[in-house]
file data33.txt (compact mmCIF, C-alpha atoms)
# COMPACT_ATOMS: atom_id res chain seq x y z
CA MET A 1 89.96 30.02 -194.91
CA LYS A 2 93.59 29.66 -196.01
CA LYS A 3 94.36 32.89 -194.22
CA PHE A 4 92.68 31.50 -191.08
CA PHE A 5 94.76 28.31 -191.11
CA ARG A 6 97.93 30.32 -191.75
CA GLU A 7 97.24 32.56 -188.84
CA HIS A 8 95.69 30.02 -186.42
CA GLY A 9 96.78 26.62 -187.72
CA LEU A 10 99.22 26.03 -184.87
CA TRP A 11 96.56 26.61 -182.24
CA VAL A 12 94.09 24.40 -184.08
CA LEU A 13 96.66 21.63 -184.20
CA PHE A 14 97.39 22.06 -180.50
CA ALA A 15 93.69 22.03 -179.61
CA THR A 16 93.18 18.95 -181.71
CA ALA A 17 96.02 17.22 -179.90
CA VAL A 18 94.64 18.20 -176.50
CA ILE A 19 91.17 16.99 -177.45
CA SER A 20 92.64 13.71 -178.74
CA VAL A 21 94.58 13.16 -175.52
CA ALA A 22 91.50 14.02 -173.45
CA LEU A 23 89.36 11.61 -175.40
CA ALA A 24 92.00 8.92 -174.98
CA LEU A 25 92.17 9.48 -171.21
CA MET A 26 88.40 9.48 -170.93
CA SER A 27 88.27 6.24 -172.85
CA PHE A 28 90.89 4.69 -170.53
CA PHE A 29 89.22 5.78 -167.28
CA SER A 30 85.77 4.84 -168.56
CA ASN A 31 87.02 1.28 -169.05
CA THR A 32 88.28 1.11 -165.44
CA SER A 33 86.54 3.52 -163.08
CA ALA A 34 86.00 7.19 -162.52
CA PRO A 35 89.28 8.97 -161.81
CA LEU A 36 88.32 10.16 -158.31
CA SER A 37 86.83 6.80 -157.44
CA ASN A 38 89.91 5.01 -158.63
CA LEU A 39 92.14 7.35 -156.65
CA ALA A 40 90.04 6.89 -153.52
CA GLY A 41 90.13 3.16 -153.99
CA ILE A 42 93.90 3.18 -154.24
CA ILE A 43 94.23 5.25 -151.06
CA THR A 44 91.68 3.28 -148.97
CA SER A 45 92.70 -0.19 -150.13
CA PRO A 46 95.30 -0.72 -147.34
CA PHE A 47 92.81 0.48 -144.73
CA ARG A 48 90.16 -1.91 -146.03
CA SER A 49 92.66 -4.75 -145.78
CA ALA A 50 93.58 -3.78 -142.21
CA TYR A 51 89.91 -3.48 -141.23
CA THR A 52 89.15 -6.86 -142.73
CA ALA A 53 92.06 -8.42 -140.86
CA VAL A 54 90.99 -6.87 -137.55
CA ALA A 55 87.36 -7.87 -138.09
CA ASN A 56 88.38 -11.43 -138.89
CA TRP A 57 90.56 -11.49 -135.74
CA PHE A 58 87.65 -10.37 -133.59
CA VAL A 59 85.38 -12.95 -135.21
CA ASP A 60 87.94 -15.67 -134.56
CA LYS A 61 88.30 -14.58 -130.92
CA GLN A 62 84.54 -14.47 -130.46
CA ASN A 63 84.18 -17.96 -131.92
CA TYR A 64 87.02 -19.19 -129.69
CA TYR A 65 85.38 -17.66 -126.59
CA GLN A 66 82.04 -19.22 -127.50
CA ASP A 67 83.71 -22.60 -128.02
CA VAL A 68 85.59 -22.36 -124.69
CA THR A 69 82.43 -21.26 -122.87
CA ALA A 70 80.47 -24.14 -124.38
CA LEU A 71 83.23 -26.58 -123.36
CA GLU A 72 83.31 -25.20 -119.82
CA GLU A 73 79.52 -25.52 -119.50
CA GLU A 74 79.67 -29.05 -120.92
CA ASN A 75 82.49 -29.93 -118.51
CA ALA A 76 80.52 -28.54 -115.55
CA ALA A 77 77.46 -30.51 -116.62
CA LEU A 78 79.55 -33.69 -116.91
CA LYS A 79 81.02 -33.08 -113.45
CA ARG A 80 77.52 -32.66 -111.96
CA GLU A 81 76.36 -35.81 -113.71
CA ASN A 82 79.44 -37.69 -112.47
CA ALA A 83 78.82 -36.50 -108.90
CA GLN A 84 75.20 -37.63 -109.11
CA LEU A 85 76.23 -41.03 -110.45
CA GLN A 86 78.82 -41.43 -107.69
CA ALA A 87 76.20 -40.51 -105.07
CA GLN A 88 73.82 -43.06 -106.55
CA LEU A 89 76.60 -45.66 -106.55
CA ARG A 90 77.43 -44.96 -102.90
CA GLN A 91 73.74 -45.21 -102.01
CA ALA A 92 73.44 -48.47 -103.92
CA GLN A 93 76.50 -49.85 -102.10
CA THR A 94 75.03 -48.73 -98.76
CA ASP A 95 71.69 -50.35 -99.59
CA SER A 96 73.45 -53.52 -100.69
CA GLU A 97 75.48 -53.69 -97.47
CA GLU A 98 72.37 -53.05 -95.38
CA ASN A 99 70.47 -55.78 -97.23
CA ALA A 100 73.38 -58.17 -96.67
CA ARG A 101 73.39 -57.38 -92.95
CA LEU A 102 69.64 -57.85 -92.76
CA ARG A 103 69.86 -61.20 -94.55
CA GLU A 104 72.64 -62.29 -92.19
CA LEU A 105 70.59 -61.13 -89.23
CA LEU A 106 67.57 -63.10 -90.41
CA ASN A 107 69.69 -66.19 -90.96
CA LEU A 108 71.19 -65.90 -87.47
CA ARG A 109 67.88 -65.25 -85.75
CA PRO A 110 67.04 -67.98 -83.21
CA GLN A 111 64.02 -69.93 -84.29
CA ASN A 112 62.14 -69.22 -81.05
CA TYR A 113 62.34 -65.43 -81.50
CA ASP A 114 59.72 -63.16 -82.95
CA LEU A 115 61.32 -59.72 -82.96
CA GLU A 116 60.29 -56.35 -84.29
CA LEU A 117 63.47 -54.61 -85.40
CA GLU A 118 64.27 -51.05 -86.42
CA SER A 119 67.53 -50.54 -88.29
CA ALA A 120 69.55 -47.49 -87.29
CA SER A 121 72.84 -45.81 -88.12
CA VAL A 122 75.39 -44.79 -85.52
CA THR A 123 75.81 -41.00 -85.78
CA GLU A 124 78.02 -40.38 -82.74
CA ARG A 125 80.21 -42.20 -80.21
CA THR A 126 80.87 -40.89 -76.71
CA VAL A 127 83.57 -42.49 -74.59
CA THR A 128 84.76 -40.73 -71.43
CA ASN A 129 85.90 -41.73 -67.96
CA TRP A 130 82.26 -41.76 -66.90
CA THR A 131 80.24 -43.12 -69.78
CA SER A 132 80.25 -45.15 -72.98
CA SER A 133 77.36 -44.43 -75.32
CA LEU A 134 76.21 -44.27 -78.92
CA THR A 135 73.79 -41.93 -80.65
CA LEU A 136 71.47 -43.39 -83.29
CA ASN A 137 69.35 -41.70 -85.97
CA VAL A 138 66.00 -43.17 -84.84
CA GLY A 139 63.62 -42.07 -82.10
CA THR A 140 59.99 -41.86 -81.11
CA ASP A 141 59.00 -41.27 -84.73
CA HIS A 142 60.21 -44.82 -85.39
CA GLY A 143 58.59 -46.39 -82.34
CA VAL A 144 61.79 -46.54 -80.29
CA GLU A 145 61.45 -46.34 -76.50
CA ALA A 146 63.78 -46.12 -73.54
CA GLY A 147 64.75 -49.60 -72.34
CA ASP A 148 64.81 -51.15 -75.83
CA CYS A 149 67.73 -53.47 -76.56
CA VAL A 150 70.15 -52.72 -79.37
CA ILE A 151 71.99 -55.49 -81.23
CA ASP A 152 74.40 -55.79 -84.15
CA GLU A 153 74.00 -58.01 -87.22
CA THR A 154 75.32 -61.08 -85.36
CA TYR A 155 72.75 -60.81 -82.55
CA ALA A 156 75.41 -59.54 -80.19
CA LEU A 157 74.01 -57.18 -77.59
CA VAL A 158 75.29 -53.62 -78.00
CA GLY A 159 73.44 -51.91 -75.18
CA VAL A 160 70.16 -50.44 -74.03
CA VAL A 161 68.36 -47.26 -75.11
CA SER A 162 68.54 -44.73 -72.27
CA GLU A 163 67.15 -41.53 -73.81
CA VAL A 164 64.89 -40.96 -76.81
CA GLY A 165 64.15 -37.91 -78.96
CA LEU A 166 61.95 -37.42 -81.99
CA ASN A 167 64.50 -38.77 -84.49
CA TRP A 168 67.41 -39.79 -82.27
CA CYS A 169 68.22 -41.87 -79.23
CA THR A 170 71.12 -42.51 -76.88
CA VAL A 171 72.29 -46.06 -76.21
CA LEU A 172 74.37 -46.97 -73.17
CA THR A 173 76.76 -49.71 -74.23
CA LEU A 174 77.35 -52.86 -72.21
CA VAL A 175 80.49 -51.45 -70.62
CA ASP A 176 78.81 -48.25 -69.35
CA THR A 177 78.68 -48.10 -65.55
CA ASP A 178 74.87 -47.70 -65.61
CA THR A 179 74.33 -50.95 -67.53
CA SER A 180 72.89 -53.95 -65.66
CA ILE A 181 71.48 -57.01 -67.48
CA GLY A 182 70.55 -60.51 -66.35
CA ALA A 183 72.98 -63.04 -67.83
CA GLN A 184 73.65 -66.76 -68.04
CA VAL A 185 76.76 -68.74 -68.92
CA PHE A 186 75.83 -70.90 -71.91
CA ARG A 187 77.95 -73.95 -70.95
CA THR A 188 77.41 -74.15 -67.19
CA LYS A 189 74.00 -72.40 -67.00
CA ASP A 190 75.28 -70.29 -64.10
CA LEU A 191 73.25 -67.13 -63.64
CA GLY A 192 74.69 -63.70 -62.89
CA LEU A 193 74.34 -60.01 -63.54
CA ALA A 194 76.32 -58.36 -66.35
CA VAL A 195 77.25 -54.86 -65.17
CA GLY A 196 79.48 -52.04 -66.28
CA ASP A 197 82.48 -51.36 -64.08
CA PHE A 198 84.23 -48.01 -63.71
CA THR A 199 87.72 -49.52 -63.84
CA LEU A 200 87.02 -52.09 -66.54
CA MET A 201 85.21 -49.60 -68.80
CA ARG A 202 88.54 -48.03 -69.72
CA GLU A 203 89.60 -51.43 -71.05
CA ASN A 204 86.28 -51.94 -72.86
CA ARG A 205 85.33 -54.76 -70.50
CA LEU A 206 82.47 -55.51 -68.07
CA ARG A 207 81.80 -57.81 -65.11
CA LEU A 208 79.58 -60.81 -64.59
CA ASP A 209 78.66 -60.57 -60.89
CA TYR A 210 76.97 -62.87 -58.33
CA LEU A 211 78.48 -66.09 -59.58
CA PRO A 212 78.85 -69.01 -57.14
CA ALA A 213 82.26 -69.10 -55.48
CA ASP A 214 82.78 -72.64 -56.81
CA CYS A 215 81.71 -71.90 -60.38
CA GLN A 216 83.64 -73.77 -63.07
CA LEU A 217 83.85 -71.08 -65.71
CA LEU A 218 86.61 -71.27 -68.29
CA GLY A 219 88.18 -68.66 -70.47
CA GLY A 220 86.17 -68.29 -73.67
CA ASP A 221 82.84 -69.36 -72.14
CA LEU A 222 79.97 -67.62 -73.89
CA VAL A 223 77.65 -65.44 -71.80
CA LEU A 224 74.11 -64.73 -73.00
CA THR A 225 71.17 -62.69 -71.79
CA SER A 226 69.07 -64.77 -69.41
CA GLY A 227 65.72 -63.17 -70.25
CA LEU A 228 64.66 -63.35 -66.62
CA GLY A 229 62.07 -60.76 -65.73
CA GLY A 230 60.98 -60.39 -69.37
CA TYR A 231 62.74 -57.07 -69.87
CA TYR A 232 65.17 -58.32 -72.50
CA PRO A 233 65.05 -61.28 -74.91
CA PRO A 234 66.99 -64.37 -73.79
CA GLY A 235 69.89 -65.78 -75.77
CA LEU A 236 71.49 -62.54 -76.98
CA SER A 237 75.27 -62.74 -76.93
CA ILE A 238 76.82 -60.50 -74.27
CA GLY A 239 80.44 -61.57 -74.40
CA THR A 240 83.01 -64.18 -73.48
CA VAL A 241 84.78 -64.92 -70.20
CA GLU A 242 88.38 -63.72 -69.96
CA GLU A 243 89.09 -64.49 -66.29
CA VAL A 244 87.30 -65.42 -63.07
CA GLN A 245 88.09 -63.92 -59.68
CA LEU A 246 86.71 -64.25 -56.15
CA SER A 247 85.02 -61.28 -54.57
CA ASP A 248 86.66 -59.56 -51.60
CA SER A 249 84.49 -61.54 -49.19
CA GLY A 250 85.31 -64.83 -50.88
CA ALA A 251 81.63 -65.82 -50.82
CA ALA A 252 81.08 -65.23 -54.51
CA ALA A 253 82.97 -64.94 -57.75
CA TYR A 254 82.85 -62.62 -60.70
CA ALA A 255 84.07 -62.91 -64.26
CA VAL A 256 85.62 -60.31 -66.52
CA LEU A 257 83.87 -60.33 -69.91
CA ALA A 258 84.97 -59.15 -73.34
CA PRO A 259 81.88 -57.84 -75.22
CA SER A 260 80.89 -59.73 -78.36
CA ALA A 261 80.02 -56.48 -80.15
CA ASP A 262 82.82 -54.26 -81.42
CA PHE A 263 81.55 -50.82 -80.41
CA ASP A 264 84.25 -48.93 -82.30
CA SER A 265 83.45 -50.45 -85.68
CA LEU A 266 79.66 -50.29 -85.50
CA VAL A 267 78.03 -48.50 -88.44
CA GLU A 268 74.53 -49.92 -88.39
CA VAL A 269 72.65 -51.53 -85.52
CA PHE A 270 69.13 -52.81 -84.82
CA VAL A 271 66.75 -51.72 -82.10
CA ILE A 272 64.49 -54.44 -80.74
CA LYS A 273 61.18 -52.57 -80.37
CA SER A 274 59.28 -55.63 -79.24
CA PHE A 275 59.85 -59.36 -78.91
CA ASP A 276 57.95 -62.55 -78.35
CA VAL A 277 59.72 -65.69 -77.14
CA GLN A 278 57.96 -68.77 -78.51
CA THR A 279 57.93 -71.84 -76.30

call {"tool": "encode", "arguments": {"input": "data33.txt", "output": "structure tokens"}}
result
Amino acid sequence: MKKFFREHGLWVLFATAVISVALALMSFFSNTSAPLSNLAGIITSPFRSAYTAVANWFVDKQNYYQDVTALEEENAALKRENAQLQAQLRQAQTDSEENARLRELLNLRPQNYDLELESASVTERTVTNWTSSLTLNVGTDHGVEAGDCVIDETYALVGVVSEVGLNWCTVLTLVDTDTSIGAQVFRTKDLGLAVGDFTLMRENRLRLDYLPADCQLLGGDLVLTSGLGGYYPPGLSIGTVEEVQLSDSGAAAYAVLAPSADFDSLVEVFVIKSFDVQT
């Protein structure tokens, strides 16, 4: 044994040292992690950090996109709701204005009238050198017929229905050259015929023909429908006298009238479908 240690003692000591170091290293790595795993962890740690940062960035962007999309959808929904509310408000205002006009019309109605009225909106105006007309949004579906009178909310005569369709009609205004209506001056009771005149139509005026040459009309005299013949109700306002002139023959006079109705500002009118004058 002594001989063995003398001959091999150095190698035994070296082996013992190696084994001691190995055991120490194994003890150290066993308390942390396996050597290869630890090395791999050290190498991949920066990549894991970069991956985590990129993943978090994508998650943030996705959340931002979802939030923006949700806000855009909510904004669009609010805009649609706002548009609907505005449309309802406009309709309510229109209904309120129509009700006000109807109440005013009822309050102004002469007590000896029994009229069947159809309210209508003006959809088109036509004014040329040859005609002056309005288009309304009512027709045969509403019981409207050619020859029906059309008035505004103050009982001023607008014109007469000349053509009727299913849901529309054409109204010749008082100043149209084809208009001819029996009339009477309210103050003097003089009778005449209110007619459209080609020259006066350009000035939005009409004539009151067949007046006596010695008539005593004054500027501002009110002219109403006479109701003679039963075609139109009596007492509807046609217009007011602006001037009186003698005819070319000098045997009769005629008056220039300014219509009571303002054709350019009309929005809603009323068609008289039938009437009954109470005596």

call {"tool": "atom_distance", "arguments": {"input": "data33.txt", "atom1": "atom CA of A:Ala258", "atom2": "atom CA of A:Val160"}}
result
17.2 Å

call {"tool": "closest_residue", "arguments": {"input": "data33.txt", "among": "A:Thr131, A:Gln184, A:Ser162, A:Thr69", "to": "A:Cys149", "atoms": "all atoms listed in the file"}}
result
A:Ser162

call {"tool": "residues_around", "arguments": {"input": "data33.txt", "residues": "stretch 267-279 of chain A", "least_positions_apart": "3", "cutoff": "6 Å", "atoms": "all atoms listed in the file", "output": "PDB file with C-alpha atoms, in the coordinates of the input"}}
result
ATOM      1  CA  ASN A 112      62.140 -69.220 -81.050  1.00  0.00           C
ATOM      2  CA  TYR A 113      62.340 -65.430 -81.500  1.00  0.00           C
ATOM      3  CA  ASP A 114      59.720 -63.160 -82.950  1.00  0.00           C
ATOM      4  CA  LEU A 115      61.320 -59.720 -82.960  1.00  0.00           C
ATOM      5  CA  GLU A 116      60.290 -56.350 -84.290  1.00  0.00           C
ATOM      6  CA  LEU A 117      63.470 -54.610 -85.400  1.00  0.00           C
ATOM      7  CA  GLU A 118      64.270 -51.050 -86.420  1.00  0.00           C
ATOM      8  CA  SER A 119      67.530 -50.540 -88.290  1.00  0.00           C
ATOM      9  CA  ALA A 120      69.550 -47.490 -87.290  1.00  0.00           C
ATOM     10  CA  SER A 121      72.840 -45.810 -88.120  1.00  0.00           C
ATOM     11  CA  VAL A 122      75.390 -44.790 -85.520  1.00  0.00           C
ATOM     12  CA  ASP A 148      64.810 -51.150 -75.830  1.00  0.00           C
ATOM     13  CA  CYS A 149      67.730 -53.470 -76.560  1.00  0.00           C
ATOM     14  CA  VAL A 150      70.150 -52.720 -79.370  1.00  0.00           C
ATOM     15  CA  ILE A 151      71.990 -55.490 -81.230  1.00  0.00           C
ATOM     16  CA  ASP A 152      74.400 -55.790 -84.150  1.00  0.00           C
TER      17      ASP A 152
END

call {"tool": "residues_around", "arguments": {"input": "data33.txt", "residues": "A:Val171", "least_positions_apart": "2", "cutoff": "12 Å", "atoms": "only C-alpha atoms", "output": "ChimeraX atom specification"}}
result
/A:120-127,131-139,144-151,157-165,168-169,173-176,178-179,263,269-271

call {"tool": "atom_distance", "arguments": {"input": "data33.txt", "atom1": "atom CA of A:Pro212", "atom2": "atom CA of A:Leu193"}}
result
11.9 Å

call {"tool": "residues_near_point", "arguments": {"input": "data33.txt", "point": "(77.3, -72.7, -69.8)", "cutoff": "10 Å", "atoms": "only C-alpha atoms", "output": "compact mmCIF listing (two decimals) with C-alpha atoms, keeping the file's coordinate frame"}}
result
# COMPACT_ATOMS: atom_id res chain seq x y z
CA GLN A 184 73.65 -66.76 -68.04
CA VAL A 185 76.76 -68.74 -68.92
CA PHE A 186 75.83 -70.90 -71.91
CA ARG A 187 77.95 -73.95 -70.95
CA THR A 188 77.41 -74.15 -67.19
CA LYS A 189 74.00 -72.40 -67.00
CA ASP A 190 75.28 -70.29 -64.10
CA LEU A 191 73.25 -67.13 -63.64
CA GLN A 216 83.64 -73.77 -63.07
CA LEU A 217 83.85 -71.08 -65.71
CA LEU A 218 86.61 -71.27 -68.29
CA ASP A 221 82.84 -69.36 -72.14
CA LEU A 222 79.97 -67.62 -73.89
CA VAL A 223 77.65 -65.44 -71.80
CA LEU A 224 74.11 -64.73 -73.00

call {"tool": "atom_distance", "arguments": {"input": "data33.txt", "atom1": "atom CA of A:Glu242", "atom2": "atom CA of A:Ala255"}}
result
7.2 Å
